[in-house]
Amino acid sequence: MDRIVISGGSALEGSIPISGAKNSALKLMAAALLSDQRLTLRKMPNLADSRFMAQLLASLGVEIEWPVGADIAHLHAGTVSSTIAPYDLVRKMRATFNVLGPLLARMGHATVSLPGGCAIGARPVDLHLKAFEAMGADIVIEGGYVKAAALRGLRGAHIVFPFVSVGATEHALLAATLARGETILENAAREPEIADLAACLAQMGARIDGAGSGTITIQGVDSLSGADYSVLPDRIEAGTYAIACAAAGGDVLLQGARFEDLAALAERLEAAGAQMTAQAGGVRVRRSGPLRAVDVDTQPFPGFPTDLQAQFMALMCQARGVSHFRENIFENRFMHAPELMRLGAEIQLRGNEASVTGVDHLIGAPVMATDLRASVSLVIAGLAAQGETVVHRVYHLDRGFEQLEQKLSRCGAQVQRLRGSEPT
Ligand code: UD1
């Protein structure tokens, strides 16, 4: 297993190109199943997760041309040869569950393994399934699999989500494009990835209004065509490097990042003593003065993203004062806290709340990544710490951060990957 070794203390200066958004790319890839024509996706992130989704789609009969390292992928579901997504492929990454809706909408039936739990919480799929039932599907859960059938096709429905779910909104949106009649999604998630998915689907011929707002209306069509679409820039990757710059100090241009997707983070960073501004070509981040403690309350978009909570906690470890965190989206998302404490952070946990008392400096130590966003928070802490930090289990990082060491190194950070087995 690879490790990442960081020698802390260097400020970040330079520019970092932001990749296409992982969370959007995965759903856009699933959209390929809705059409028998070719979907070309540009700005594709080369990540373990997106490659993994390609593997699942290929097992369903989708022809995929996506050379290693390339950021353009062609997906062609001329025929769907299987409607079964097996346990072995779905358990590794939850977003693969999103093939259920497109298969059901196009083929009238699908059997997809339940994604199961994951490190940050139970993460059920009940809202996804209720949406499909409202659209006329019969759903049975048997032997760990969801068996869904709508043999005469899905029909439009009025779906009111009891709380905001990104995955359920995207999944219902995908399926509704081919349902008979009108579907209205209320209390829909407003994340930028939803508008991105809707824009691609619209290019494929779907009729969608209101994506990006709390109410989305879809008029089903008989079939969808192909499209040539560019994935939006990854706001979580951009936000992560913004926080890294705030933690290490310096001045960095996040090339291609969209300020409007990062407004909640910009506001918190400003309060903490770093500046984030929209600039031609991207977003600029600077920090030279001291860091102040600020509170963070995670919320659905446009609130502060849960996917940046761990990174912001790493930042607050060296801020003046006490900062309070409340994690409102996932029930078990403070696994980075004990690892940050290994670097000398002072953190107290109470259920979904954490208090961080800033210390003068963190000191490098070996730490272990526990999930995707937690792992990058340890890299951020390592950049700001004195001495050497070694992050183990970096396969978590590779799920969501493309060329992390290279992107940080070109801004002056001392970060390198050691390949191969770990010492026992
Ligand atoms: C997506 C993102 C993830 C991000 C999250 C919240 C992808 C691949 N992942 O995850 O990075 O952290 O949005 O911004 O895009 N829930 C239910 N029943 C359901 C569905 C969700 O109870 O059927 C709960 C979840 O357990 C969680 C909350 O709703 O507590 C929000 O989850 P959701 O917005 O669905 O997150 P994901 O789509 O899984």
# chains A, B, ... in the order shown; residues from 1 in each chain; ligands from 1

call {"tool": "select_by_dssp", "arguments": {"residues": "region 230-390 of chain A", "states": "alpha helix (DSSP H)", "output": "NGL selection string"}}
result
:A and (235-248 or 263-272 or 309-316 or 336-342 or 372-384)

call {"tool": "residues_around", "arguments": {"residues": "Gly181 (chain A)", "least_positions_apart": "3", "cutoff": "7 Å", "atoms": "only C-alpha atoms", "output": "MDAnalysis selection string"}}
result
chainID A and resid 155:156 219:220

call {"tool": "write_last_selection", "arguments": {"atoms": "all heavy atoms", "output": "compact mmCIF listing (two decimals), in the first residue's frame"}}
result
# COMPACT_ATOMS: atom_id res chain seq x y z
N ARG A 155 -43.90 5.83 -14.93
CA ARG A 155 -44.80 6.96 -15.22
C ARG A 155 -44.43 8.13 -14.31
O ARG A 155 -43.89 7.93 -13.21
CB ARG A 155 -46.27 6.55 -15.02
CG ARG A 155 -46.56 6.00 -13.67
CD ARG A 155 -48.04 5.90 -13.35
NE ARG A 155 -48.17 5.63 -11.93
CZ ARG A 155 -48.27 4.43 -11.40
NH1 ARG A 155 -48.29 3.36 -12.16
NH2 ARG A 155 -48.37 4.28 -10.09
N GLY A 156 -44.71 9.32 -14.80
CA GLY A 156 -44.39 10.53 -14.03
C GLY A 156 -45.09 10.52 -12.67
O GLY A 156 -46.13 9.89 -12.50
N GLN A 219 -40.52 16.61 -17.97
CA GLN A 219 -41.52 16.04 -18.89
C GLN A 219 -40.85 14.86 -19.57
O GLN A 219 -39.85 15.04 -20.28
CB GLN A 219 -41.93 17.06 -19.97
CG GLN A 219 -42.36 18.42 -19.46
CD GLN A 219 -43.68 18.38 -18.69
OE1 GLN A 219 -44.47 17.43 -18.85
NE2 GLN A 219 -43.92 19.39 -17.85
N GLY A 220 -41.35 13.66 -19.34
CA GLY A 220 -40.70 12.48 -19.91
C GLY A 220 -40.72 12.50 -21.43
O GLY A 220 -41.65 13.04 -22.05

call {"tool": "select_by_dssp", "arguments": {"residues": "region 84-321 of chain A", "states": "strand (DSSP E)", "output": "PyMOL selection string"}}
result
chain A and resi 84-85+109-113+138-142+145-149+158-160+182-186+207-209+215-219+227-230+250-255+275-279+282-287+296-297

call {"tool": "residues_around", "arguments": {"residues": "region 88-104 of chain A", "least_positions_apart": "5", "cutoff": "7 Å", "atoms": "only C-alpha atoms", "output": "short mmCIF file (atom, residue, chain, number, x, y, z; two decimals) with C-alpha atoms, in the first residue's frame"}}
result
data_model
loop_
_atom_site.label_atom_id
_atom_site.label_comp_id
_atom_site.auth_asym_id
_atom_site.auth_seq_id
_atom_site.Cartn_x
_atom_site.Cartn_y
_atom_site.Cartn_z
CA LEU A 26 -20.24 9.35 -11.73
CA LYS A 27 -23.89 10.30 -12.37
CA ALA A 30 -24.76 6.46 -15.42
CA ALA A 31 -26.77 8.69 -17.81
CA LEU A 33 -27.39 3.95 -20.00
CA LEU A 34 -30.44 6.04 -20.92
CA MET A 53 -17.93 3.13 -12.52
CA LEU A 56 -19.51 -1.56 -13.84
CA THR A 83 -29.52 -5.48 -16.13
CA HIS A 109 -36.34 -3.94 -14.96
CA ALA A 110 -33.06 -4.09 -13.04
CA VAL A 112 -28.85 -4.04 -8.31
CA SER A 113 -27.05 -4.98 -5.13
CA PRO A 115 -24.73 -0.58 -1.60
CA GLY A 116 -24.47 -1.44 2.09
CA ALA A 148 -37.11 -3.45 -9.56
CA ALA A 149 -39.60 -3.85 -12.38
CA ALA A 150 -41.82 -1.48 -14.35
CA HIS A 171 -31.43 9.14 -9.27
CA ALA A 172 -35.08 10.18 -9.63
CA LEU A 174 -32.25 10.25 -14.32
CA ALA A 175 -35.21 7.87 -14.31
#

call {"tool": "residues_near_ligand", "arguments": {"ligand": "ligand 1", "cutoff": "6 Å", "atoms": "only C-alpha atoms and all ligand atoms", "output": "compact mmCIF listing (two decimals) with C-alpha atoms, in the first residue's frame"}}
result
# COMPACT_ATOMS: atom_id res chain seq x y z
CA ASN A 23 -19.54 13.39 -7.85
CA ALA A 95 -22.57 5.75 -6.47
CA ALA A 122 -25.43 3.79 7.38
CA ARG A 123 -26.46 5.71 4.24
CA PRO A 124 -29.74 3.97 3.35
CA VAL A 125 -31.38 4.17 -0.10
CA ASP A 126 -35.01 4.27 1.03
CA LEU A 127 -35.66 7.66 -0.63
CA HIS A 128 -34.37 6.36 -3.95
CA SER A 165 -30.76 13.88 -0.60
CA VAL A 166 -28.31 14.52 -3.41
CA GLY A 167 -28.25 10.89 -4.53
CA ALA A 168 -32.03 10.41 -4.47
CA THR A 306 -20.08 18.07 4.64
CA ASP A 307 -17.39 17.03 2.15
CA ILE A 329 -25.55 15.31 7.11
CA PHE A 330 -23.79 12.10 8.19

call {"tool": "closest_residue", "arguments": {"among": "A:Thr111, A:Gln37, A:Thr217, A:Thr183", "to": "Met135 (chain A)", "atoms": "only C-alpha atoms"}}
result
A:Thr183

call {"tool": "atom_distance", "arguments": {"atom1": "CA of Gln299 (chain A)", "atom2": "CA of Ala189 (chain A)"}}
result
11.0 Å

call {"tool": "atom_distance", "arguments": {"atom1": "CA of Pro86 (chain A)", "atom2": "CA of Ala206 (chain A)"}}
result
28.7 Å

call {"tool": "atom_distance", "arguments": {"atom1": "CA of Val285 (chain A)", "atom2": "CA of Asp297 (chain A)"}}
result
21.8 Å

call {"tool": "decode", "arguments": {"residues": "region 211-244 of chain A", "atoms": "N, CA, C and O atoms", "output": "mmCIF file, in the first residue's frame"}}
result
data_model
loop_
_atom_site.group_PDB
_atom_site.id
_atom_site.type_symbol
_atom_site.label_atom_id
_atom_site.label_comp_id
_atom_site.auth_asym_id
_atom_site.auth_seq_id
_atom_site.Cartn_x
_atom_site.Cartn_y
_atom_site.Cartn_z
ATOM 1 N N ALA A 211 -33.741 22.628 -12.339
ATOM 2 C CA ALA A 211 -32.619 21.938 -11.680
ATOM 3 C C ALA A 211 -31.696 22.978 -11.050
ATOM 4 O O ALA A 211 -31.374 23.991 -11.670
ATOM 5 N N GLY A 212 -31.308 22.735 -9.810
ATOM 6 C CA GLY A 212 -30.526 23.728 -9.070
ATOM 7 C C GLY A 212 -31.411 24.477 -8.085
ATOM 8 O O GLY A 212 -30.920 25.178 -7.209
ATOM 9 N N SER A 213 -32.746 24.312 -8.226
ATOM 10 C CA SER A 213 -33.672 24.885 -7.247
ATOM 11 C C SER A 213 -34.313 23.729 -6.473
ATOM 12 O O SER A 213 -34.036 22.563 -6.757
ATOM 13 N N GLY A 214 -35.178 24.066 -5.520
ATOM 14 C CA GLY A 214 -35.792 23.019 -4.693
ATOM 15 C C GLY A 214 -36.887 22.245 -5.398
ATOM 16 O O GLY A 214 -37.363 21.217 -4.886
ATOM 17 N N THR A 215 -37.350 22.738 -6.553
ATOM 18 C CA THR A 215 -38.407 22.029 -7.287
ATOM 19 C C THR A 215 -37.953 21.796 -8.723
ATOM 20 O O THR A 215 -37.628 22.748 -9.438
ATOM 21 N N ILE A 216 -37.939 20.546 -9.120
ATOM 22 C CA ILE A 216 -37.509 20.199 -10.487
ATOM 23 C C ILE A 216 -38.689 19.540 -11.192
ATOM 24 O O ILE A 216 -39.340 18.646 -10.635
ATOM 25 N N THR A 217 -38.974 19.996 -12.406
ATOM 26 C CA THR A 217 -40.070 19.417 -13.182
ATOM 27 C C THR A 217 -39.494 18.776 -14.434
ATOM 28 O O THR A 217 -38.695 19.390 -15.141
ATOM 29 N N ILE A 218 -39.892 17.543 -14.681
ATOM 30 C CA ILE A 218 -39.367 16.797 -15.829
ATOM 31 C C ILE A 218 -40.548 16.314 -16.671
ATOM 32 O O ILE A 218 -41.484 15.702 -16.136
ATOM 33 N N GLN A 219 -40.524 16.608 -17.967
ATOM 34 C CA GLN A 219 -41.517 16.045 -18.890
ATOM 35 C C GLN A 219 -40.849 14.858 -19.568
ATOM 36 O O GLN A 219 -39.854 15.041 -20.276
ATOM 37 N N GLY A 220 -41.346 13.662 -19.338
ATOM 38 C CA GLY A 220 -40.697 12.485 -19.906
ATOM 39 C C GLY A 220 -40.724 12.498 -21.426
ATOM 40 O O GLY A 220 -41.646 13.035 -22.046
ATOM 41 N N VAL A 221 -39.699 11.939 -22.044
ATOM 42 C CA VAL A 221 -39.642 11.807 -23.511
ATOM 43 C C VAL A 221 -39.488 10.318 -23.842
ATOM 44 O O VAL A 221 -39.168 9.511 -22.974
ATOM 45 N N ASP A 222 -39.739 9.976 -25.128
ATOM 46 C CA ASP A 222 -39.688 8.554 -25.518
ATOM 47 C C ASP A 222 -38.269 8.003 -25.551
ATOM 48 O O ASP A 222 -38.031 6.844 -25.238
ATOM 49 N N SER A 223 -37.334 8.854 -25.993
ATOM 50 C CA SER A 223 -35.946 8.370 -26.065
ATOM 51 C C SER A 223 -34.998 9.553 -25.956
ATOM 52 O O SER A 223 -35.395 10.706 -26.176
ATOM 53 N N LEU A 224 -33.770 9.263 -25.616
ATOM 54 C CA LEU A 224 -32.750 10.306 -25.513
ATOM 55 C C LEU A 224 -31.675 10.040 -26.552
ATOM 56 O O LEU A 224 -31.436 8.886 -26.939
ATOM 57 N N SER A 225 -31.003 11.119 -26.944
ATOM 58 C CA SER A 225 -29.934 10.970 -27.947
ATOM 59 C C SER A 225 -28.575 10.994 -27.247
ATOM 60 O O SER A 225 -28.497 10.973 -26.021
ATOM 61 N N GLY A 226 -27.515 11.080 -28.023
ATOM 62 C CA GLY A 226 -26.185 11.223 -27.440
ATOM 63 C C GLY A 226 -25.914 12.684 -27.103
ATOM 64 O O GLY A 226 -26.784 13.544 -27.275
ATOM 65 N N ALA A 227 -24.726 12.965 -26.615
ATOM 66 C CA ALA A 227 -24.349 14.351 -26.303
ATOM 67 C C ALA A 227 -22.835 14.432 -26.176
ATOM 68 O O ALA A 227 -22.156 13.400 -26.104
ATOM 69 N N ASP A 228 -22.343 15.660 -26.150
ATOM 70 C CA ASP A 228 -20.915 15.913 -25.937
ATOM 71 C C ASP A 228 -20.865 16.947 -24.823
ATOM 72 O O ASP A 228 -21.242 18.097 -25.028
ATOM 73 N N TYR A 229 -20.447 16.531 -23.656
ATOM 74 C CA TYR A 229 -20.651 17.375 -22.477
ATOM 75 C C TYR A 229 -19.379 17.443 -21.619
ATOM 76 O O TYR A 229 -18.685 16.437 -21.451
ATOM 77 N N SER A 230 -19.115 18.628 -21.048
ATOM 78 C CA SER A 230 -17.954 18.803 -20.150
ATOM 79 C C SER A 230 -18.393 18.800 -18.699
ATOM 80 O O SER A 230 -19.269 19.584 -18.311
ATOM 81 N N VAL A 231 -17.760 17.967 -17.902
ATOM 82 C CA VAL A 231 -18.085 17.860 -16.466
ATOM 83 C C VAL A 231 -17.707 19.173 -15.769
ATOM 84 O O VAL A 231 -16.662 19.756 -16.071
ATOM 85 N N LEU A 232 -18.515 19.612 -14.825
ATOM 86 C CA LEU A 232 -18.203 20.876 -14.134
ATOM 87 C C LEU A 232 -16.965 20.705 -13.246
ATOM 88 O O LEU A 232 -16.639 19.582 -12.854
ATOM 89 N N PRO A 233 -16.262 21.819 -12.912
ATOM 90 C CA PRO A 233 -15.077 21.702 -12.058
ATOM 91 C C PRO A 233 -15.446 21.209 -10.654
ATOM 92 O O PRO A 233 -16.530 21.531 -10.145
ATOM 93 N N ASP A 234 -14.550 20.466 -10.065
ATOM 94 C CA ASP A 234 -14.826 19.830 -8.769
ATOM 95 C C ASP A 234 -14.729 20.857 -7.636
ATOM 96 O O ASP A 234 -13.641 21.291 -7.265
ATOM 97 N N ARG A 235 -15.885 21.218 -7.084
ATOM 98 C CA ARG A 235 -15.877 22.253 -6.029
ATOM 99 C C ARG A 235 -15.257 21.704 -4.744
ATOM 100 O O ARG A 235 -14.722 22.466 -3.930
ATOM 101 N N ILE A 236 -15.322 20.406 -4.542
ATOM 102 C CA ILE A 236 -14.748 19.848 -3.312
ATOM 103 C C ILE A 236 -13.222 19.788 -3.438
ATOM 104 O O ILE A 236 -12.499 20.114 -2.494
ATOM 105 N N GLU A 237 -12.739 19.423 -4.615
ATOM 106 C CA GLU A 237 -11.285 19.457 -4.815
ATOM 107 C C GLU A 237 -10.791 20.901 -4.671
ATOM 108 O O GLU A 237 -9.805 21.165 -3.975
ATOM 109 N N ALA A 238 -11.483 21.848 -5.321
ATOM 110 C CA ALA A 238 -11.067 23.258 -5.250
ATOM 111 C C ALA A 238 -11.103 23.742 -3.801
ATOM 112 O O ALA A 238 -10.168 24.394 -3.320
ATOM 113 N N GLY A 239 -12.180 23.407 -3.099
ATOM 114 C CA GLY A 239 -12.314 23.831 -1.697
ATOM 115 C C GLY A 239 -11.218 23.234 -0.833
ATOM 116 O O GLY A 239 -10.701 23.873 0.090
ATOM 117 N N THR A 240 -10.838 22.012 -1.144
ATOM 118 C CA THR A 240 -9.780 21.347 -0.374
ATOM 119 C C THR A 240 -8.456 22.094 -0.539
ATOM 120 O O THR A 240 -7.751 22.357 0.440
ATOM 121 N N TYR A 241 -8.120 22.463 -1.781
ATOM 122 C CA TYR A 241 -6.858 23.196 -1.987
ATOM 123 C C TYR A 241 -6.948 24.614 -1.418
ATOM 124 O O TYR A 241 -5.938 25.167 -0.973
ATOM 125 N N ALA A 242 -8.135 25.190 -1.425
ATOM 126 C CA ALA A 242 -8.293 26.517 -0.804
ATOM 127 C C ALA A 242 -7.975 26.416 0.686
ATOM 128 O O ALA A 242 -7.252 27.245 1.247
ATOM 129 N N ILE A 243 -8.501 25.367 1.325
ATOM 130 C CA ILE A 243 -8.256 25.197 2.762
ATOM 131 C C ILE A 243 -6.779 24.863 2.998
ATOM 132 O O ILE A 243 -6.167 25.325 3.960
ATOM 133 N N ALA A 244 -6.188 24.078 2.091
ATOM 134 C CA ALA A 244 -4.760 23.744 2.231
ATOM 135 C C ALA A 244 -3.922 25.021 2.196
ATOM 136 O O ALA A 244 -2.989 25.194 2.989
#
